[in-house]
>>> print(open('run.cif').read())   # mmCIF, C-alpha atoms
data_query
loop_
_atom_site.label_atom_id
_atom_site.label_comp_id
_atom_site.auth_asym_id
_atom_site.auth_seq_id
_atom_site.Cartn_x
_atom_site.Cartn_y
_atom_site.Cartn_z
CA MET A 1 -9.91 30.90 -11.43
CA GLU A 2 -9.05 28.75 -14.46
CA TYR A 3 -7.68 25.30 -13.82
CA GLY A 4 -5.67 23.05 -16.05
CA ASP A 5 -7.16 20.02 -17.75
CA THR A 6 -8.69 18.04 -14.90
CA GLY A 7 -9.86 15.11 -17.00
CA ALA A 8 -13.37 16.45 -17.64
CA GLU A 9 -13.68 14.15 -20.64
CA GLU A 10 -12.83 11.11 -18.54
CA ALA A 11 -14.60 12.42 -15.44
CA PRO A 12 -17.30 14.98 -16.28
CA TRP A 13 -18.37 14.82 -12.64
CA PRO A 14 -17.05 16.76 -10.91
CA GLY A 15 -14.73 18.06 -13.67
CA ARG A 16 -17.13 20.27 -15.61
CA LEU A 17 -20.44 19.56 -13.88
CA LEU A 18 -19.73 20.87 -10.39
CA ASP A 19 -20.32 24.64 -10.41
CA ILE A 20 -17.99 25.99 -7.73
CA GLY A 21 -19.22 29.58 -8.02
CA ARG A 22 -22.80 28.48 -7.50
CA LEU A 23 -21.72 26.25 -4.63
CA ARG A 24 -20.00 29.08 -2.78
CA ALA A 25 -22.84 31.53 -3.57
CA ALA A 26 -25.23 29.06 -1.93
CA GLY A 27 -23.21 29.35 1.26
CA VAL A 28 -21.34 26.04 1.08
CA PRO A 29 -17.95 26.84 2.63
CA ALA A 30 -14.58 25.34 1.84
CA VAL A 31 -12.90 23.46 4.68
CA PRO A 32 -9.22 24.41 5.11
CA PHE A 33 -6.48 21.88 4.54
CA ARG A 34 -4.94 20.36 7.65
CA GLN A 35 -2.75 17.64 6.15
CA PHE A 36 0.05 18.53 3.76
CA ILE A 37 1.74 15.65 1.93
CA LEU A 38 5.15 16.61 0.57
CA LYS A 39 6.60 14.41 -2.15
CA VAL A 40 10.21 14.80 -1.15
CA HIS A 41 11.47 12.14 -3.59
CA SER A 42 9.64 10.96 -6.69
CA ARG A 43 11.58 7.73 -7.27
CA CYS A 44 11.56 4.44 -5.40
CA ASN A 45 14.18 1.75 -4.82
CA LEU A 46 11.46 -0.93 -4.93
CA SER A 47 9.18 -2.07 -7.75
CA CYS A 48 6.26 -3.65 -5.92
CA THR A 49 4.14 -5.56 -8.39
CA TYR A 50 0.90 -3.83 -7.36
CA CYS A 51 2.23 -0.26 -7.07
CA TYR A 52 -0.30 2.19 -8.52
CA VAL A 53 2.28 4.99 -8.82
CA TYR A 54 4.89 3.24 -10.97
CA HIS A 55 2.78 0.51 -12.56
CA GLY A 56 -0.49 2.41 -12.79
CA ALA A 57 -2.36 4.75 -15.12
CA ASP A 58 -0.36 7.93 -14.37
CA SER A 59 3.25 8.23 -15.51
CA GLY A 60 3.72 11.86 -14.49
CA TRP A 61 6.50 10.96 -12.05
CA ARG A 62 8.83 10.49 -15.02
CA GLU A 63 8.69 14.20 -15.85
CA ARG A 64 9.34 15.47 -12.35
CA PRO A 65 12.64 16.08 -10.55
CA ALA A 66 13.72 13.14 -8.44
CA ARG A 67 14.11 15.31 -5.33
CA MET A 68 12.20 18.34 -4.12
CA PRO A 69 14.61 21.29 -4.38
CA GLU A 70 15.15 23.49 -1.35
CA ALA A 71 13.49 26.46 -3.08
CA THR A 72 10.36 24.40 -3.64
CA THR A 73 10.30 23.27 -0.01
CA ARG A 74 10.76 26.84 1.16
CA ARG A 75 7.95 28.10 -1.05
CA THR A 76 5.71 25.25 0.10
CA ALA A 77 6.42 26.17 3.73
CA GLN A 78 5.42 29.76 2.98
CA ARG A 79 2.17 28.58 1.37
CA ILE A 80 1.38 26.36 4.34
CA ALA A 81 2.03 29.25 6.74
CA GLU A 82 -0.18 31.52 4.62
CA HIS A 83 -2.98 28.94 4.81
CA VAL A 84 -2.55 28.42 8.55
CA ARG A 85 -2.72 32.17 9.24
CA GLY A 86 -5.66 32.71 6.93
CA HIS A 87 -7.74 30.04 8.64
CA GLY A 88 -6.47 30.35 12.21
CA LEU A 89 -5.27 26.74 12.39
CA ASN A 90 -3.51 25.58 15.54
CA ARG A 91 -2.49 22.09 14.43
CA ILE A 92 -1.51 20.54 11.09
CA ARG A 93 0.04 17.32 9.82
CA VAL A 94 3.02 17.21 7.48
CA GLU A 95 3.61 13.86 5.78
CA LEU A 96 6.85 13.17 3.90
CA HIS A 97 6.20 10.79 1.03
CA GLY A 98 7.59 9.51 -2.24
CA GLY A 99 8.47 7.35 -4.06
CA GLU A 100 10.69 6.36 -1.21
CA PRO A 101 11.33 9.48 0.89
CA LEU A 102 14.45 8.10 2.60
CA LEU A 103 16.21 8.23 -0.77
CA ALA A 104 16.48 11.94 0.03
CA GLY A 105 18.31 11.13 3.28
CA ALA A 106 17.06 11.49 6.84
CA ALA A 107 18.91 14.75 7.40
CA SER A 108 17.22 16.28 4.36
CA LEU A 109 13.79 15.27 5.67
CA VAL A 110 14.54 16.92 8.99
CA ARG A 111 15.65 20.14 7.24
CA GLN A 112 12.49 20.21 5.12
CA THR A 113 10.26 19.70 8.14
CA ALA A 114 12.19 22.37 10.04
CA MET A 115 11.52 24.83 7.18
CA VAL A 116 7.79 24.28 7.58
CA ARG A 117 7.90 24.64 11.35
CA ALA A 118 10.00 27.80 11.14
CA ALA A 119 7.55 29.42 8.71
CA LEU A 120 4.46 28.80 10.83
CA PRO A 121 3.02 31.31 13.27
CA ALA A 122 3.52 30.69 16.96
CA GLY A 123 0.87 28.45 18.41
CA CYS A 124 0.48 26.12 15.42
CA ALA A 125 1.74 22.63 16.20
CA VAL A 126 3.09 20.32 13.51
CA VAL A 127 2.69 16.55 13.67
CA ALA A 128 5.28 15.21 11.23
CA GLY A 129 5.67 11.73 9.80
CA VAL A 130 7.44 9.85 7.05
CA GLN A 131 5.99 6.84 5.20
CA THR A 132 8.71 4.44 4.09
CA ASN A 133 9.21 0.95 2.71
CA GLY A 134 11.78 0.56 5.48
CA THR A 135 14.63 -0.71 3.35
CA LEU A 136 16.80 2.36 3.99
CA LEU A 137 15.95 2.82 7.65
CA THR A 138 19.03 2.47 9.85
CA GLU A 139 19.71 3.20 13.51
CA SER A 140 21.45 6.41 12.52
CA ALA A 141 18.60 7.51 10.22
CA LEU A 142 16.03 6.78 12.91
CA GLU A 143 18.00 8.78 15.47
CA THR A 144 18.14 11.70 13.04
CA LEU A 145 14.39 11.54 12.38
CA ALA A 146 13.61 11.24 16.08
CA ALA A 147 15.73 14.30 16.82
CA GLY A 148 13.66 16.14 14.22
CA ASP A 149 10.41 14.96 15.86
CA ILE A 150 9.39 12.89 12.82
CA ARG A 151 7.57 9.59 13.36
CA VAL A 152 8.07 6.68 10.96
CA GLY A 153 5.36 4.61 9.29
CA LEU A 154 6.16 1.36 7.47
CA SER A 155 4.52 -0.14 4.41
CA ALA A 156 4.34 -3.94 4.59
CA ASP A 157 2.07 -6.75 3.39
CA GLY A 158 2.54 -8.79 6.55
CA GLY A 159 5.25 -9.91 8.91
CA THR A 160 6.76 -12.83 6.98
CA PRO A 161 8.83 -13.13 3.79
CA GLU A 162 6.04 -15.08 2.07
CA LEU A 163 3.46 -12.36 2.68
CA ASN A 164 5.83 -9.74 1.28
CA SER A 165 6.69 -11.61 -1.91
CA ARG A 166 5.19 -8.81 -4.05
CA ARG A 167 7.54 -6.25 -2.52
CA VAL A 168 10.73 -6.53 -4.58
CA ASP A 169 13.42 -4.24 -5.90
CA HIS A 170 14.04 -3.42 -9.55
CA ALA A 171 16.08 -6.59 -9.98
CA GLY A 172 13.31 -8.71 -8.47
CA ARG A 173 15.12 -9.26 -5.17
CA PRO A 174 12.93 -9.46 -2.05
CA ALA A 175 12.63 -6.40 0.17
CA TRP A 176 11.76 -8.45 3.24
CA PRO A 177 15.20 -8.76 4.91
CA ALA A 178 15.63 -4.99 5.03
CA LEU A 179 11.99 -4.43 5.96
CA GLU A 180 12.27 -6.91 8.81
CA ARG A 181 15.35 -5.07 10.09
CA ALA A 182 13.42 -1.78 10.01
CA ALA A 183 10.49 -3.31 11.92
CA ARG A 184 12.85 -4.68 14.59
CA LEU A 185 14.46 -1.26 14.87
CA LEU A 186 11.12 0.50 15.34
CA ARG A 187 10.02 -2.05 17.92
CA ARG A 188 13.01 -0.92 20.00
CA HIS A 189 11.96 2.73 19.55
CA PRO A 190 8.16 2.80 20.00
CA GLU A 191 8.17 6.56 20.46
CA SER A 192 9.11 6.87 16.78
CA TYR A 193 6.84 4.10 15.46
CA GLY A 194 3.95 5.53 13.44
CA GLY A 195 2.34 2.24 12.37
CA ILE A 196 2.03 -0.06 9.36
CA LEU A 197 0.16 0.36 6.07
CA CYS A 198 -0.92 -2.96 4.55
CA THR A 199 -2.66 -3.46 1.21
CA VAL A 200 -5.21 -6.26 1.40
CA ASP A 201 -4.33 -9.45 -0.46
CA VAL A 202 -7.34 -11.77 -0.29
CA THR A 203 -5.23 -14.76 -1.35
CA ALA A 204 -3.33 -14.51 1.94
CA SER A 205 -4.58 -16.03 5.18
CA PRO A 206 -6.30 -13.34 7.31
CA ALA A 207 -4.94 -14.94 10.48
CA ALA A 208 -1.39 -15.10 9.10
CA VAL A 209 -1.48 -11.47 8.04
CA LEU A 210 -2.93 -10.13 11.30
CA ASP A 211 -0.80 -12.30 13.59
CA SER A 212 2.40 -11.49 11.75
CA LEU A 213 1.68 -7.75 11.69
CA CYS A 214 0.83 -7.76 15.41
CA ALA A 215 4.16 -9.49 16.04
CA LEU A 216 5.87 -6.39 14.61
CA GLU A 217 4.22 -4.43 17.45
CA PRO A 218 2.98 -1.37 15.54
CA PRO A 219 0.71 1.05 17.39
CA VAL A 220 -1.61 1.17 14.37
CA ILE A 221 -2.34 -1.11 11.40
CA ASP A 222 -4.06 0.42 8.39
CA PHE A 223 -5.60 -2.03 5.91
CA LEU A 224 -6.04 -0.54 2.44
CA LEU A 225 -8.15 -1.99 -0.36
CA PRO A 226 -6.21 -2.36 -3.63
CA HIS A 227 -6.89 0.58 -5.90
CA ALA A 228 -9.49 -0.38 -8.49
CA ASN A 229 -12.54 1.21 -10.09
CA TRP A 230 -15.47 0.41 -12.40
CA SER A 231 -13.32 0.80 -15.51
CA ALA A 232 -10.44 -1.22 -14.03
CA PRO A 233 -12.18 -3.54 -11.53
CA PRO A 234 -10.47 -5.82 -9.02
CA ALA A 235 -9.22 -9.07 -10.52
CA PRO A 236 -11.61 -12.01 -9.97
CA VAL A 237 -10.72 -14.22 -7.03
CA PRO A 238 -11.22 -17.87 -8.02
CA GLY A 239 -13.13 -19.92 -5.49
CA ARG A 240 -14.38 -16.87 -3.59
CA GLY A 241 -17.92 -15.49 -3.40
CA PRO A 242 -19.18 -12.11 -4.61
CA THR A 243 -17.60 -10.21 -1.70
CA PRO A 244 -14.06 -11.58 -1.33
CA TYR A 245 -12.68 -8.40 0.25
CA GLY A 246 -15.60 -8.10 2.64
CA ASP A 247 -15.21 -11.76 3.64
CA TRP A 248 -11.49 -11.30 4.25
CA LEU A 249 -11.91 -8.13 6.29
CA CYS A 250 -14.75 -9.62 8.36
CA GLU A 251 -12.50 -12.52 9.29
CA VAL A 252 -9.68 -10.17 10.24
CA PHE A 253 -12.11 -8.06 12.26
CA ASP A 254 -13.29 -11.06 14.28
CA LEU A 255 -9.71 -12.09 14.99
CA TRP A 256 -8.78 -8.55 16.00
CA TRP A 257 -11.94 -8.05 18.08
CA ASP A 258 -11.06 -11.10 20.17
CA LEU A 259 -7.42 -10.16 20.74
CA PRO A 260 -6.38 -9.39 24.30
CA ARG A 261 -5.90 -5.69 24.89
CA PRO A 262 -3.72 -3.77 24.49
CA SER A 263 -3.23 -4.70 20.85
CA PRO A 264 -2.57 -2.62 17.74
CA ARG A 265 -5.37 -0.32 16.70
CA VAL A 266 -6.69 -1.22 13.23
CA ARG A 267 -7.66 2.12 11.73
CA LEU A 268 -10.33 0.87 9.32
CA PHE A 269 -12.11 -1.01 12.10
CA THR A 270 -11.87 1.72 14.72
CA GLU A 271 -13.10 4.27 12.17
CA ILE A 272 -16.16 2.13 11.40
CA LEU A 273 -16.82 1.56 15.10
CA GLY A 274 -16.54 5.29 15.76
CA LEU A 275 -18.92 6.13 12.92
CA LEU A 276 -21.45 3.59 14.20
CA LEU A 277 -21.25 5.34 17.57
CA GLY A 278 -21.81 8.75 16.00
CA ARG A 279 -18.28 10.12 15.79
CA PRO A 280 -16.95 11.81 12.63
CA SER A 281 -14.48 10.00 10.42
CA ALA A 282 -10.80 10.86 10.25
CA THR A 283 -9.90 8.93 7.09
CA GLU A 284 -10.88 9.13 3.43
CA SER A 285 -11.70 5.40 3.25
CA VAL A 286 -15.02 5.62 5.11
CA GLY A 287 -17.39 8.26 6.45
CA LEU A 288 -18.61 11.58 5.13
CA SER A 289 -16.15 14.00 6.73
CA PRO A 290 -14.59 16.49 4.28
CA VAL A 291 -11.17 15.58 2.92
CA THR A 292 -8.62 18.13 4.16
CA ALA A 293 -5.41 16.77 2.64
CA LEU A 294 -3.47 17.78 -0.43
CA VAL A 295 -0.19 16.86 -2.08
CA VAL A 296 2.76 18.98 -3.20
CA GLU A 297 4.90 17.20 -5.79
CA THR A 298 8.68 17.53 -6.14
CA ASP A 299 8.26 20.27 -8.77
CA GLY A 300 5.82 22.24 -6.59
CA ALA A 301 2.66 21.09 -8.35
CA ILE A 302 -0.40 21.08 -6.09
CA GLU A 303 -2.25 17.81 -6.47
CA GLN A 304 -5.12 15.84 -5.05
CA ILE A 305 -4.63 12.65 -3.07
CA ASP A 306 -2.27 10.10 -4.63
CA SER A 307 -4.86 7.32 -4.94
CA LEU A 308 -6.19 9.14 -8.00
CA LYS A 309 -3.02 8.22 -9.87
CA SER A 310 -4.53 4.75 -10.16
CA VAL A 311 -7.42 6.08 -12.26
CA TYR A 312 -6.12 7.86 -15.38
CA GLU A 313 -3.25 10.11 -16.48
CA ASP A 314 -3.16 13.33 -14.45
CA ALA A 315 -6.35 12.47 -12.53
CA ALA A 316 -4.74 13.97 -9.41
CA GLY A 317 -3.68 17.16 -11.20
CA THR A 318 -5.11 20.60 -10.46
CA GLY A 319 -3.12 22.84 -12.80
CA LEU A 320 -1.87 24.75 -9.76
CA ASP A 321 1.56 25.05 -8.14
CA VAL A 322 3.02 26.63 -5.02
CA PHE A 323 4.92 29.29 -6.96
CA ARG A 324 1.84 30.81 -8.62
CA ASN A 325 -1.10 29.69 -6.49
CA SER A 326 -2.27 29.64 -2.90
CA PHE A 327 -3.79 26.63 -1.21
CA ASP A 328 -7.05 28.59 -0.92
CA GLU A 329 -7.23 28.47 -4.72
CA ALA A 330 -6.86 24.69 -4.55
CA LEU A 331 -9.91 24.54 -2.24
CA ASN A 332 -12.00 25.67 -5.20
CA HIS A 333 -10.77 22.99 -7.57
CA PRO A 334 -13.78 20.81 -8.53
CA GLY A 335 -12.09 17.57 -7.47
CA ILE A 336 -11.18 18.92 -4.06
CA ALA A 337 -14.49 20.70 -3.53
CA ALA A 338 -16.36 17.49 -4.40
CA ARG A 339 -14.56 15.60 -1.68
CA GLN A 340 -15.74 18.11 0.90
CA LEU A 341 -19.44 17.84 0.03
CA GLY A 342 -20.22 14.70 1.98
CA LEU A 343 -23.57 13.19 1.04
CA ARG A 344 -24.17 15.72 -1.73
CA ALA A 345 -21.24 14.34 -3.70
CA LEU A 346 -22.56 10.76 -3.76
CA SER A 347 -24.65 8.87 -6.29
CA ALA A 348 -28.39 8.45 -5.87
CA GLN A 349 -27.79 4.78 -5.04
CA CYS A 350 -25.43 5.73 -2.22
CA ARG A 351 -27.76 8.39 -0.84
CA ARG A 352 -30.55 5.80 -0.56
CA CYS A 353 -28.33 3.27 1.25
CA THR A 354 -28.88 2.72 4.97
CA VAL A 355 -25.15 2.44 5.72
CA VAL A 356 -24.08 5.52 3.76
CA GLY A 357 -23.25 7.48 6.92
CA VAL A 358 -20.59 4.90 7.74
CA CYS A 359 -19.46 3.88 4.26
CA GLY A 360 -19.42 7.42 2.88
CA GLY A 361 -19.27 6.00 -0.64
CA GLY A 362 -15.88 4.45 0.03
CA ASN A 363 -12.56 5.69 -1.32
CA TYR A 364 -13.12 8.41 -3.92
CA ALA A 365 -10.80 6.78 -6.47
CA HIS A 366 -12.78 3.54 -6.25
CA ARG A 367 -15.94 5.29 -7.51
CA PHE A 368 -14.60 6.17 -10.95
CA ARG A 369 -16.18 5.07 -14.20
CA ALA A 370 -14.80 6.38 -17.52
CA GLY A 371 -17.18 8.83 -19.21
CA GLU A 372 -19.08 9.41 -15.97
CA GLY A 373 -16.53 10.34 -13.36
CA PHE A 374 -16.72 9.84 -9.62
CA ARG A 375 -20.44 9.94 -8.82
CA ASN A 376 -20.82 6.19 -8.47
CA PRO A 377 -20.80 3.74 -5.58
CA SER A 378 -17.43 2.24 -4.73
CA VAL A 379 -16.40 -0.70 -6.86
CA TYR A 380 -16.08 -2.38 -3.44
CA CYS A 381 -19.64 -1.37 -2.47
CA ALA A 382 -20.86 -4.87 -1.58
CA ASP A 383 -17.66 -5.66 0.32
CA LEU A 384 -17.90 -2.47 2.39
CA GLU A 385 -21.57 -3.01 3.19
CA GLN A 386 -20.85 -6.54 4.34
CA LEU A 387 -18.00 -5.38 6.59
CA ILE A 388 -20.00 -2.51 8.09
CA ARG A 389 -23.02 -4.69 8.85
CA HIS A 390 -20.76 -7.33 10.38
CA VAL A 391 -19.00 -4.78 12.62
CA ALA A 392 -22.37 -3.31 13.60
CA HIS A 393 -23.63 -6.77 14.57
CA ARG A 394 -20.58 -7.47 16.76
CA LEU A 395 -20.82 -4.03 18.35
CA ALA A 396 -24.55 -4.42 19.07
CA ALA A 397 -23.95 -7.85 20.64
CA ALA A 398 -21.19 -6.45 22.85
CA VAL A 399 -23.35 -3.51 23.96
CA ALA A 400 -26.29 -5.84 24.68
CA GLY A 401 -24.02 -8.12 26.71
CA GLN A 402 -22.69 -5.18 28.69
CA ARG A 403 -26.22 -4.04 29.43
CA LYS A 404 -27.11 -7.48 30.77
CA VAL A 405 -24.09 -7.38 33.07
CA THR A 406 -24.78 -3.88 34.38
CA ALA A 407 -28.53 -4.57 34.73
CA GLY A 408 -27.99 -7.69 36.87
CA PRO A 409 -28.42 -7.90 40.64
CA PRO A 410 -25.92 -6.08 42.82
CA CYS A 411 -22.96 -8.07 44.06
CA VAL A 412 -23.53 -8.96 47.71
CA SER A 413 -20.53 -10.00 49.75
#
>>> encode(input="run.cif", output="structure tokens")
Amino acid sequence: MEYGDTGAEEAPWPGRLLDIGRLRAAGVPAVPFRQFILKVHSRCNLSCTYCYVYHGADSGWRERPARMPEATTRRTAQRIAEHVRGHGLNRIRVELHGGEPLLAGAASLVRQTAMVRAALPAGCAVVAGVQTNGTLLTESALETLAAGDIRVGLSADGGTPELNSRRVDHAGRPAWPALERAARLLRRHPESYGGILCTVDVTASPAAVLDSLCALEPPVIDFLLPHANWSAPPAPVPGRGPTPYGDWLCEVFDLWWDLPRPSPRVRLFTEILGLLLGRPSATESVGLSPVTALVVETDGAIEQIDSLKSVYEDAAGTGLDVFRNSFDEALNHPGIAARQLGLRALSAQCRRCTVVGVCGGGNYAHRFRAGEGFRNPSVYCADLEQLIRHVAHRLAAAVAGQRKVTAGPPCVS
């Protein structure tokens, strides 16, 4: 199978250095996709100052249709069903993304999800969600999405106008009033509330961010490191030490750890805790589990995960599309195969590290260095190691304390 230009000059590994034929001949299997991200709308009504899609290295969105046509959705549904049958899958996730997916209208999102469900064989369940900036979410839209069994995730930088100052529309007006309305709406409908994605801003108070997000009552909070790499590193943080992101996340972890339960689950923290306890990871940010997600763009192009758009032009591209290619063909793309190799895909430095089983090398996009590719430690390596060791210390102390309690004398009345 010949693939389009996958940036081998910018990223020789895995671009032209990972031999897929040799890999499969050696008995290394591909892991089927279980998460399908449909770009239902390629434009956004906001212009967040840190957005890697519209202010980043890849401008491919300009050449694509604004909305995914019905024929493309239908063909995508057929390809998903083909993949499900071929691999005997009984459960998949369908994520509706953009841009801002609600620009397509809630009813359209329900129709697109229904197409996928209708194409699947009996016995395969679909967990469907939409990730939105919240500005277009109304009571009516939420009712429509709920009727279509689609949960709603919000993107927010905190629960106050000050913390969301970077989230503005194309005229520079703040998105917070509409986002706050969406959060209030979802609080009244917890059955539809998927959670909140929050990009870390180390200039913001950890306590203010966590407290304000908890006040929005999401079931899950997902903290994301800003997309950066060795060729475009994170901006220096004046007055902070060498691990500003690790320091910030450690402080948030301590605050979260001491919250009364029940409280929102913080995905990054629970993933690290699970990995320390021997469970596999379920996110691409940490751990060594194979990545099983792919993206279908509005024109039907099959792409890798969106975070790669922060790296260089067409870094997420595969040269494949749903009209000509199956998802099994995408499994043999070097970039996708590399992200299913676990430890074998990591740099020698990572493989020698004692926390590699938890860190997993960090987010794939954060490993990039121009001229070398993705076989490097994360640009946030020191931050991640600090966070993991801190979480491990708190977990060990809690376990030791529990042992002391259970090993004490029996209670005598």
>>> resolve_selection(input="run.cif", expression="the PyMOL selection byres ((chain A and resi 46) around 6)", output="ChimeraX atom specification")
/A:44-45,47-48,168-170
>>> residues_around(input="run.cif", residues="region 232-244 of chain A", least_positions_apart="6", cutoff="12 Å", atoms="all atoms listed in the file", output="PyMOL selection string")
chain A and resi 50+56-57+200-204+206+225-226+250-251+310-312+365-370+378-387
>>> closest_residue(input="run.cif", among="A:Val295, A:Ala183, A:Ala282, A:Met115", to="Glu139 (chain A)", atoms="all atoms listed in the file")
A:Ala183
>>> closest_residue(input="run.cif", among="A:Val296, A:Ala207, A:Ala122, A:Leu308", to="Ser42 (chain A)", atoms="only C-alpha atoms")
A:Val296
>>> residues_around(input="run.cif", residues="His390 (chain A)", least_positions_apart="6", cutoff="12 Å", atoms="all atoms listed in the file", output="list in words")
Gly246, Asp247, Trp248, Leu249, Cys250, Glu251, Val252, Phe253, Asp254, Trp257, Phe269, Ile272, Leu273, Leu276, Val355, Asp383, Leu384, Ala396 and Ala397 of chain A
>>> closest_residue(input="run.cif", among="A:Gly317, A:Pro218, A:Gly335, A:Gly105", to="Gly158 (chain A)", atoms="all atoms listed in the file")
A:Pro218
>>> atom_distance(input="run.cif", atom1="CA of Glu372 (chain A)", atom2="CA of Val356 (chain A)")
20.7 Å
>>> residues_around(input="run.cif", residues="region 29-41 of chain A", least_positions_apart="4", cutoff="6 Å", atoms="all atoms listed in the file", output="MDAnalysis selection string")
chainID A and resid 66:68 92:99 101 292:298
>>> resolve_selection(input="run.cif", expression="the PyMOL selection byres ((chain A and resi 187) around 12)", output="PyMOL selection string")
chain A and resi 139+142+152-154+180-186+188-196+213-219
>>> resolve_selection(input="run.cif", expression="the PyMOL selection byres ((chain A and resi 177) around 10)", output="JSON, numbers by chain")
{"A": [134, 135, 160, 161, 174, 175, 176, 178, 179, 180, 181, 182]}
>>> atom_distance(input="run.cif", atom1="CA of Ser285 (chain A)", atom2="CA of Val53 (chain A)")
18.5 Å
>>> atom_distance(input="run.cif", atom1="CA of Val116 (chain A)", atom2="CA of Arg267 (chain A)")
27.3 Å
>>> closest_residue(input="run.cif", among="A:Leu395, A:Val28, A:Leu137, A:Val126", to="Ala338 (chain A)", atoms="only C-alpha atoms")
A:Val28
>>> closest_residue(input="run.cif", among="A:Ile20, A:Gly274, A:Pro14, A:Ala107", to="Ser140 (chain A)", atoms="only C-alpha atoms")
A:Ala107
>>> closest_residue(input="run.cif", among="A:Gly129, A:Gly172, A:Gly319, A:Gly360", to="Gly287 (chain A)", atoms="all atoms listed in the file")
A:Gly360
